[in-house]
2 protein chains.
Amino acid sequence: MTHLEKIRYKPISVKKILREMKDISEVMIDLAYSAALFNNADLAREVMELEERVDTLSYLLNMNAMIAARDAGDAEALISILTVAAATNEISDAAADIAKLVLLEIGIHPIVREAFRRIEEQLIRVVVKPGSKLVNKKIGDLDLAAQIGVDIIAIRRVKKWIIDPKDDEVIRENDVLIARGAPMGIEKLRAMAEGKEVVIEE
Amino acid sequence: MTHLEKIRYKPISVKKILREMKDISEVMIDLAYSAALFNNADLAREVMELEERVDTLSYLLNMNAMIAARDAGDAEALISILTVAAATNEISDAAADIAKLVLLEIGIHPIVREAFRRIEEQLIRVVVKPGSKLVNKKIGDLDLAAQIGVDIIAIRRVKKWIIDPKDDEVIRENDVLIARGAPMGIEKLRAMAEGKEVVIEE
């Protein structure tokens with residue numbers, strides 16, 4: 001499943017990498033718990049994809065930090081960045097450990113499911129089908145939070161992840177949406193992504 | 001800071017332990033990031049307190065799971081519980097690593113602060129002073145979410161933690177409240193906890 005490629009040094013904003021690592025690791029925890037709760041292999045696979053992304057970001061961050069450090073003073077000043085990055089990496093590893101349980105079909109004990117159950121909110125992973133009304137719509141214009149009580153927390157576009165997408169992000173065919181909301185709204189989003197008619201009560 | 005005491009076996013609901021570990025580890029991440037963002041030693045110390053609690057819960061869970069397993073079949077069925085518990089423990093360790101940066105006064109690089117900054121929401125830790133209007137009030141009756149846009153996500157009462165307190169939880173003198181909200185609401189809550197007059201606009 002993992003595509004091992006040499007990660008080459010690129011000069012990238014350390015701030016941007018760190019923010020992305022933090023955002024991804026937070027989404028991963030939610031996804032991993034949901035994967036365990038519903039014994040859902042699709043969600044678990046998204047967690048594994050994200051873990052790969054965090055690993056790549058972690059290498060890039062460490063390379064950029066090393067190049068930035070010219071002397072002991074620089075190194076001291078930068079150490080907090082590496083420590084925080086390592087911590088987000090540990091969080092993503094922990095989420096991946098939970099996801100692997102699902103993928104290895106070890107079987108999730110009912111106690112785990114009961115401990116993780118939250119009736120109010122669920123996570124969903126849906127693929128936007130070509131005929132869907134979501135295609136070519138801006139997230140802000142859809143206003144899903146107000147309409148059906150659902151938040152899109154991440155989009156995967158082939159290998160690219162958009163975490164916490166902004167209002168002007170346009171949904172495309174075959175986007176994988178990760179969304180959070182009450183069960184009824186979640187089902188409406190699934191129907192919309194699959195191109196079915198959905199009645200929205202005003 | 002750490003009080004090492006032998007943790008003795010107690011028969012406890014594994015489900016209850018696991019849920020508490022999960023809830024605490026999630027709060028710990030938010031607290032740790034906020035501690036780093038504001039270089040706030042008080043928040044960092046709460047993270048360390050919570051880590052101790054997660055460690056204790058982890059021991060208790062492992063002991064209870066071992067006693068519950070009578071044969072290989074039981075052990076296989078229970079392994080997902082131990083794996084998930086270990087993952088939540090890793091998450092809590094990662095949060096503690098971030099908190100230690102603050103406590104060891106290693107200095108949080110501005111890049112970390114910039115990467116973590118969210119203008120919309122902040123976390124606060126306040127101690128409820130004896131004269132405060134919060135004393136002896138039920139959380140549900142205070143309705144802080146509607147009144148000042150603030151959520152109490154945890155209460156520490158000496159060594160006892162109440163994560164995600166329910167509406168009928170009564171706030172007591174000297175409770176440590178961990179709350180999340182917009183900066184203005186956060187400041188109002190601080191004033192209320194310190195016994196100052198707060199004008200709430202309807």
# chains A, B, ... in the order shown; residues from 1 in each chain; ligands from 1

call {"tool": "interface_residues", "arguments": {"of": "chain A", "to": "chain B", "cutoff": "6 Å", "atoms": "only C-alpha atoms", "output": "ChimeraX atom specification"}}
result
/A:15,19,80,84,87,91,94,98,108,111,115

call {"tool": "write_last_selection", "arguments": {"atoms": "N, CA, C and O atoms", "output": "CSV table (one decimal), in the first residue's frame"}}
result
chain,number,residue,atom,x,y,z
A,15,LYS,N,6.7,26.9,8.8
A,15,LYS,CA,5.4,27.3,9.4
A,15,LYS,C,4.3,26.5,8.7
A,15,LYS,O,3.4,25.9,9.4
A,19,ARG,N,1.9,23.6,10.4
A,19,ARG,CA,0.4,23.8,10.4
A,19,ARG,C,-0.3,22.6,9.7
A,19,ARG,O,-1.2,22.1,10.3
A,80,SER,N,12.4,23.6,19.5
A,80,SER,CA,11.0,23.5,19.8
A,80,SER,C,10.1,23.1,18.6
A,80,SER,O,9.1,22.4,18.7
A,84,VAL,N,7.8,19.7,18.5
A,84,VAL,CA,6.4,19.8,18.2
A,84,VAL,C,6.0,18.9,17.0
A,84,VAL,O,5.0,18.2,17.0
A,87,ALA,N,6.0,15.4,17.9
A,87,ALA,CA,4.7,15.1,18.7
A,87,ALA,C,3.5,14.9,17.7
A,87,ALA,O,2.8,14.0,17.9
A,91,ILE,N,1.3,11.5,17.1
A,91,ILE,CA,-0.2,11.5,17.1
A,91,ILE,C,-0.7,10.8,15.9
A,91,ILE,O,-1.6,9.9,15.9
A,94,ALA,N,-0.2,7.1,16.1
A,94,ALA,CA,-1.2,6.5,17.0
A,94,ALA,C,-2.5,6.2,16.3
A,94,ALA,O,-3.1,5.2,16.4
A,98,ILE,N,-4.5,2.5,15.2
A,98,ILE,CA,-6.0,2.2,15.3
A,98,ILE,C,-6.5,1.8,14.0
A,98,ILE,O,-7.2,0.8,13.8
A,108,ILE,N,-12.8,-5.4,15.9
A,108,ILE,CA,-12.9,-4.4,16.9
A,108,ILE,C,-13.9,-4.9,18.0
A,108,ILE,O,-15.0,-5.2,17.7
A,111,ILE,N,-16.6,-3.5,23.1
A,111,ILE,CA,-16.3,-2.5,24.1
A,111,ILE,C,-15.7,-1.2,23.5
A,111,ILE,O,-16.0,-0.1,23.9
A,115,ALA,N,-17.3,2.4,23.7
A,115,ALA,CA,-16.6,3.5,24.3
A,115,ALA,C,-16.5,4.7,23.4
A,115,ALA,O,-16.4,5.9,23.8

call {"tool": "select_by_dssp", "arguments": {"residues": "range 38-179 of chain B", "states": "strand (DSSP E)", "output": "PyMOL selection string"}}
result
chain B and resi 122-127+150-157+160-163+176-179

call {"tool": "write_last_selection", "arguments": {"atoms": "C-alpha atoms", "output": "CSV table (one decimal), in the first residue's frame"}}
result
chain,number,residue,atom,x,y,z
B,122,GLN,CA,-8.8,30.0,22.4
B,123,LEU,CA,-8.4,27.9,25.4
B,124,ILE,CA,-8.4,29.2,28.9
B,125,ARG,CA,-7.6,27.8,32.4
B,126,VAL,CA,-9.3,29.7,35.2
B,127,VAL,CA,-9.7,29.0,38.9
B,150,VAL,CA,-17.8,29.8,25.7
B,151,ASP,CA,-17.8,26.0,26.3
B,152,ILE,CA,-16.4,24.4,29.5
B,153,ILE,CA,-14.5,21.4,28.2
B,154,ALA,CA,-13.1,20.1,31.5
B,155,ILE,CA,-13.1,20.7,35.2
B,156,ARG,CA,-10.3,19.8,37.6
B,157,ARG,CA,-11.4,19.4,41.2
B,160,LYS,CA,-10.3,14.6,39.9
B,161,TRP,CA,-10.9,15.4,36.3
B,162,ILE,CA,-14.4,15.8,34.8
B,163,ILE,CA,-14.0,15.8,31.0
B,176,VAL,CA,-10.1,24.7,37.7
B,177,LEU,CA,-12.1,25.3,34.5
B,178,ILE,CA,-10.7,24.6,31.1
B,179,ALA,CA,-12.8,26.4,28.5

call {"tool": "residues_around", "arguments": {"residues": "range 133-142 of chain B", "least_positions_apart": "5", "cutoff": "7 Å", "atoms": "only C-alpha atoms", "output": "ChimeraX atom specification"}}
result
/B:167-173,192-193,195

call {"tool": "select_by_dssp", "arguments": {"residues": "range 6-196 of chain A", "states": "helix (DSSP H, G or I)", "output": "PyMOL selection string"}}
result
chain A and resi 14-38+41-68+72-103+110-116+139-142+144-148+183-193
